[in-house]
Amino acid sequence: MRERPVRVPKPTEWASGLLSAALLVSSFPDFDLWFLAWVAFIPILITTARMKSAKRAFLLWWAIGALFFYGSCWWLTHAMIYYGDLPAWVAFPLLVPGALILGLFPAASGALLAWLCQKLGRRALLLFPLLWATFEWARFFVTGQLWNALGYSQAYVPFLIQSARWGGVYAVGFLIAMTNSALALALAERRRGAVSICIVALLSVLTAIILSARYRRDVAFSAPTTLFIAVQPNVPADFQRTLSETEILLRRHVQLSLEGLRATLGSATSSSSPSDAASLSSEDQTRRATSIDSSASRTTSPSSEDHTRRVVIWPESPMNFRYARDASFREFIAEFARANRVFMLFNAMEPAPANGVYNSAILLDESGQLVAQYNKIKLLPFGEYIPLPKWLPGVSLISAIVGDFTPGTRYTLMPIGDLRAGVFICFESAFPTIAREFVRRGADLLVNISNDGYLGETPVLHQHLANAIMRAVETGRPVLRVTNTGISAWISPRGEVLDATPSFQADVRIWPVERASEEMTFYAAHGDLFVALCALISLLSVARAADRLTLSRLPGRIKI
């Protein structure tokens, strides 16, 4: 007998899927309708519970997943259009293959859910949060990407993301999915039993949120021992910059740093919390920057009685500083640190084995000596390396355009007096494993230096910040996010975004930090234990359903 062809979803099923995809996209930045995530899956879950074909469900959920990733990550076209000179009609279709690949993971969860509902009944909808968390975890391991995981939709609502302390971003997404599945069950069955289950599930979600929030740490900032000066230079992504333009931009870095240092001289011993510091426009910086020699900065040096440490942070940017191979820059930055008695933390392109290049974070102490170097471990595909075999035609040409960096291997902490800082670079903020490893090795705070300038004023600014917010909650450590074009911000261990800068403006901020007095969070200590349990229970549920199917086919149609 010929196998029946796979049927495509019905128009009503497509409608429910499109509605769920639209609600889900709207819950993420820049729409910021975060509350829609708590009901976004209801239409498609009700439809899935009634579907008789797991294959049809796979197609429907694949479309939903692809539409979500395409609709929430369309900003990837900005760099292609504005810096790659691709026409929009070429750039936008280029996103389709990636969206289809990422859509396979929601598709797998939806198909399995449809199959489980067929074998176990509609109450198998309650397995949806387990399946969703499992396949988000699988997406991370298979593709190396966890961008716009469901939990990130709530990043700007601190009360709702404290469950990340014990289960990471997966736990936040799990609670959202549980709410959706409980409501979908009640609406699909409309029976007293289903309604009762829904009420119990919703109360469980609410209890988990409240109990998680009770353990939020209040951060005190009395007599800070270290002041961080975060410089946002707003360097344009111009690859044809002249030497004079580069010098002007370096002066801007210096003037912003001096502005911040002068502001700290009156606040070294005062109680404070992250607060606004003076900011200057790009035009002001250019006009006022008349020299970059060390003598222009010595008036900012603190008195001998002042024991407050000061750290100036320059972000990742298109300046492409070279510390090891540029003697003039090395001498200049060391003299700046000595003249002002400050630590300097900055981004540089550093030599790697086999004539390679690292994307690095460099720390100099108050005497201008190199004390630590962290080399970026997770490189950006098609931005810092090409994830294709070098023998393929055209790969060498692409590598020459986008760069071919060497990944680092060590989680090097930055020692700043009695503080230990874990520094991660740009989109490494999207990797829970990196922030967690730094904290496990003793980091008191986390620093994210980043550059989103080449992606313009698009949703990526808030989506990228959402990753840093989640890392702060997961680890129970403050995150100092210092960017080239914004959004720079001090993020509390509770996930509160404080003292954020406007985007695409030169600016400077001053943030006091104390040594961490809190123990590691459960997530920092034990990692992905929660989502691993979700995967185990999902596997057991599938095994039970399969066993039930096997027994039902035995002679006599034995049922359990």
# chains A, B, ... in the order shown; residues from 1 in each chain; ligands from 1
>>> residues_around(residues="Leu227 (chain A)", least_positions_apart="2", cutoff="6 Å", atoms="only C-alpha atoms", output="list in words")
Arg310, Trp511 and Pro512 of chain A
>>> closest_residue(among="A:Ala63, A:Ala468, A:Ile42, A:Ala182", to="Ile434 (chain A)", atoms="only C-alpha atoms")
A:Ala468
>>> closest_residue(among="A:Ala21, A:Val172, A:Ile416, A:Leu126", to="Ala194 (chain A)", atoms="only C-alpha atoms")
A:Leu126
>>> closest_atom_pairs(of="region 3-65 of chain A", to="region 129-147 of chain A", cutoff="12 Å", atoms="only C-alpha atoms", output="Markdown table")
| residue | atom | partner | partner_atom | distance |
| --- | --- | --- | --- | --- |
| A:Phe28 | CA | A:Trp147 | CA | 11.3 |
| A:Phe41 | CA | A:Pro129 | CA | 10.9 |
| A:Leu45 | CA | A:Pro129 | CA | 11.3 |
| A:Trp61 | CA | A:Trp132 | CA | 11.8 |
| A:Gly65 | CA | A:Glu136 | CA | 11.6 |
>>> closest_residue(among="A:Arg192, A:Arg441, A:His253, A:Arg410", to="Phe346 (chain A)", atoms="only C-alpha atoms")
A:His253
>>> residues_around(residues="Leu413 (chain A)", least_positions_apart="5", cutoff="7 Å", atoms="only C-alpha atoms", output="number ranges by chain")
A: 420-422, 443
>>> write_last_selection(atoms="N, CA, C and O atoms", output="short mmCIF file (atom, residue, chain, number, x, y, z; two decimals), in the first residue's frame")
data_model
loop_
_atom_site.label_atom_id
_atom_site.label_comp_id
_atom_site.auth_asym_id
_atom_site.auth_seq_id
_atom_site.Cartn_x
_atom_site.Cartn_y
_atom_site.Cartn_z
N ARG A 420 37.63 40.84 41.24
CA ARG A 420 37.95 40.00 40.10
C ARG A 420 36.82 40.16 39.09
O ARG A 420 35.67 39.88 39.40
N ALA A 421 37.19 40.62 37.89
CA ALA A 421 36.18 40.87 36.86
C ALA A 421 36.28 39.84 35.75
O ALA A 421 37.37 39.50 35.29
N GLY A 422 35.13 39.34 35.33
CA GLY A 422 35.07 38.48 34.16
C GLY A 422 34.61 39.32 32.98
O GLY A 422 33.53 39.90 33.03
N ALA A 443 34.67 35.41 39.80
CA ALA A 443 34.38 36.78 39.37
C ALA A 443 33.41 37.46 40.33
O ALA A 443 32.37 36.89 40.68
#
>>> select_by_dssp(residues="region 412-553 of chain A", states="strand (DSSP E)", output="ChimeraX atom specification")
/A:413-416,419-425,445-450,479-483,489-491,497-498,507-513
>>> closest_residue(among="A:Ala339, A:Val231, A:Leu419, A:Met414", to="Thr485 (chain A)", atoms="only C-alpha atoms")
A:Val231
>>> residues_around(residues="Ser27 (chain A)", least_positions_apart="6", cutoff="8 Å", atoms="only C-alpha atoms", output="MDAnalysis selection string")
chainID A and resid 33:37 153
>>> select_by_dssp(residues="region 445-505 of chain A", states="helix (DSSP H, G or I)", output="list in words")
Gly453, Tyr454, Leu455, Val460, Leu461, His462, Gln463, His464, Leu465, Ala466, Asn467, Ala468, Ile469, Met470, Arg471, Ala472, Val473, Glu474 and Thr475 of chain A
